[in-house]
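Participant: Quick one: the structure is below, questions incoming.
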Amino acid sequence: MIGVNLWGFLFELSLPPDALDRFLRVWGFVPFRMWSGESGVGASLVTIVVAMFLHAGWLHFGGNMLFLWIFGDNVEDRLGHFRYLLFYLLCGVAASLCHAFFNPASRLPSLGASGAISGVLAAYLFLYPRAKILTLVPIFLFFTAEVPAFLFIVFWFVMQLFSGTASLSGSTPTAGGTAYFAHIGGFVAGIVLLALLKPPRRAPPSYSWS
């Protein structure tokens, strides 16, 4: 998944500014197009999937890929390759639909892997709640500390809820920003899909002695 995201980002970098702007306006997911009927459901789903592998800049791309690298492989180990691919894509679709539900009038193209990665974070929270994450802590000076995954991910999700709720009090944005409800939708979808897709644990073999 990191490789596909990298390919998409490198393709964006290969385009001149005007062509890149046109490309993102066509292939970014725009909620208004879906609700207004400007693009059909099928076309909207295609743009959702394509937009999951596009990013708005180096910081956007690097942050998402760092989270995917840290958490994604462990979740894939538990789900298996095919289930993980299905899980990732469905979380991304659910994230965009949640964003569209809460921002139906938005004409801004939405793009990035963060909705799908939010689902990965949710799965990691339930699969590895006792794991520890090496985290950069900005207190006076930056230093690293091992933080329980449970605290890290729950704190992150609470911040998305707080920021998303606060964003509802404003008018429709005219400039780019963070799609908090995509994060929330992806996270909730991750919990539901994990329950549906997680393979059952195999019982240890029993032996009889003679």
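Every chain in the structure tokens has a letter given in the order shown (A, B, ...), and although residue numbers restart at 1 in each chain, ligands are simply numbered from 1 in the order shown.
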Within 9 Å of Phe126 in chain A, counting only C-alpha atoms, which residues show up once you throw out same-chain ones fewer than 5 positions away? Write them as a ChimeraX atom specification, please.

Facilitator: /A:121,150,191,194

Participant: Save out the residues we just selected, C-alpha atoms, as a short mmCIF file (atom, residue, chain, number, x, y, z; two decimals), in the first residue's frame.

Facilitator:
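The resulting file, part.cif, is shown below:
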```cif
data_model
loop_
_atom_site.label_atom_id
_atom_site.label_comp_id
_atom_site.auth_asym_id
_atom_site.auth_seq_id
_atom_site.Cartn_x
_atom_site.Cartn_y
_atom_site.Cartn_z
CA LEU A 121 -5.43 2.66 13.80
CA PHE A 150 -4.18 2.56 23.77
CA ILE A 191 -13.92 -1.21 14.35
CA LEU A 194 -12.32 -5.72 12.04
#
```

Participant: Which residues are close to Glu12 in chain A, i.e. within 9 Å by only C-alpha atoms, leaving aside same-chain residues fewer than 2 positions away? Reply as a PyMOL selection string.

Facilitator: chain A and resi 7-10+14-16+20+23-24+54-55

Participant: Please produce a file of those selected residues containing N, CA and C atoms, as a PDB file, in the first residue's frame.

Facilitator:
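Here's the written file result_5.pdb:
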```pdb
ATOM      1  N   TRP A   7       3.732   5.738  -5.637  1.00  0.00           N
ATOM      2  CA  TRP A   7       3.577   5.879  -7.086  1.00  0.00           C
ATOM      3  C   TRP A   7       2.629   7.037  -7.417  1.00  0.00           C
ATOM      4  N   GLY A   8       1.508   7.105  -6.704  1.00  0.00           N
ATOM      5  CA  GLY A   8       0.556   8.188  -6.942  1.00  0.00           C
ATOM      6  C   GLY A   8       1.158   9.549  -6.651  1.00  0.00           C
ATOM      7  N   PHE A   9       1.929   9.654  -5.571  1.00  0.00           N
ATOM      8  CA  PHE A   9       2.520  10.941  -5.204  1.00  0.00           C
ATOM      9  C   PHE A   9       3.596  11.350  -6.209  1.00  0.00           C
ATOM     10  N   LEU A  10       4.411  10.390  -6.653  1.00  0.00           N
ATOM     11  CA  LEU A  10       5.434  10.701  -7.650  1.00  0.00           C
ATOM     12  C   LEU A  10       4.799  11.136  -8.971  1.00  0.00           C
ATOM     13  N   SER A  14       5.266  14.775 -10.970  1.00  0.00           N
ATOM     14  CA  SER A  14       5.716  14.853 -12.354  1.00  0.00           C
ATOM     15  C   SER A  14       4.902  15.846 -13.177  1.00  0.00           C
ATOM     16  N   LEU A  15       3.772  16.291 -12.642  1.00  0.00           N
ATOM     17  CA  LEU A  15       2.891  17.188 -13.398  1.00  0.00           C
ATOM     18  C   LEU A  15       3.246  18.649 -13.145  1.00  0.00           C
ATOM     19  N   PRO A  16       3.176  19.490 -14.167  1.00  0.00           N
ATOM     20  CA  PRO A  16       3.334  20.934 -13.942  1.00  0.00           C
ATOM     21  C   PRO A  16       2.155  21.450 -13.116  1.00  0.00           C
ATOM     22  N   LEU A  20      -1.454  19.669 -12.616  1.00  0.00           N
ATOM     23  CA  LEU A  20      -1.716  19.031 -11.322  1.00  0.00           C
ATOM     24  C   LEU A  20      -3.021  19.540 -10.732  1.00  0.00           C
ATOM     25  N   PHE A  23      -5.832  17.927 -12.570  1.00  0.00           N
ATOM     26  CA  PHE A  23      -5.889  16.501 -12.235  1.00  0.00           C
ATOM     27  C   PHE A  23      -6.559  16.278 -10.877  1.00  0.00           C
ATOM     28  N   LEU A  24      -6.179  17.064  -9.883  1.00  0.00           N
ATOM     29  CA  LEU A  24      -6.745  16.891  -8.547  1.00  0.00           C
ATOM     30  C   LEU A  24      -8.211  17.293  -8.494  1.00  0.00           C
ATOM     31  N   LEU A  54      -3.702   9.713  -3.434  1.00  0.00           N
ATOM     32  CA  LEU A  54      -3.172  11.020  -3.805  1.00  0.00           C
ATOM     33  C   LEU A  54      -2.967  11.852  -2.541  1.00  0.00           C
ATOM     34  N   HIS A  55      -1.997  12.771  -2.596  1.00  0.00           N
ATOM     35  CA  HIS A  55      -1.717  13.590  -1.415  1.00  0.00           C
ATOM     36  C   HIS A  55      -1.442  15.036  -1.822  1.00  0.00           C
TER      37      HIS A  55
END
```

Participant: Considering only C-alpha atoms, return as a list in words whatever protein or nucleic-acid residues lie within 9 Å of Ile153 in chain A, sequence-local ones (same chain, fewer than 5 positions apart) excluded.

Facilitator: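 What passes the distance filter is Leu121, Ala122, Tyr124, Leu125, Pro148 and Val158 of chain A.
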
Participant: Using only C-alpha atoms, which residues sit within 7 Å of range 101-109 of chain A once same-chain residues fewer than 5 positions away are excluded, as an NGL selection string?

Facilitator: :A and (24-25 or 28-32 or 35 or 172)

Participant: As a list in words, list the residues of range 12-174 of chain A assigned to strand (DSSP E or B) by DSSP on the backbone atoms of this structure.

Facilitator: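 Residues of range 12-174 of chain A classed as strand (DSSP E or B): Phe29, Ser110, Lys132, Ile133, Leu134, Thr135, Leu136, Val137, Pro138, Ile139, Leu141, Phe142, Phe143, Thr144, Ala145, Glu146, Val147 and Pro148 of chain A.
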
Participant: When you draw a straight line from CA of Ala123 in chain A to CA of Met65 in chain A, how long is it in Å?

Facilitator: 16.7 Å
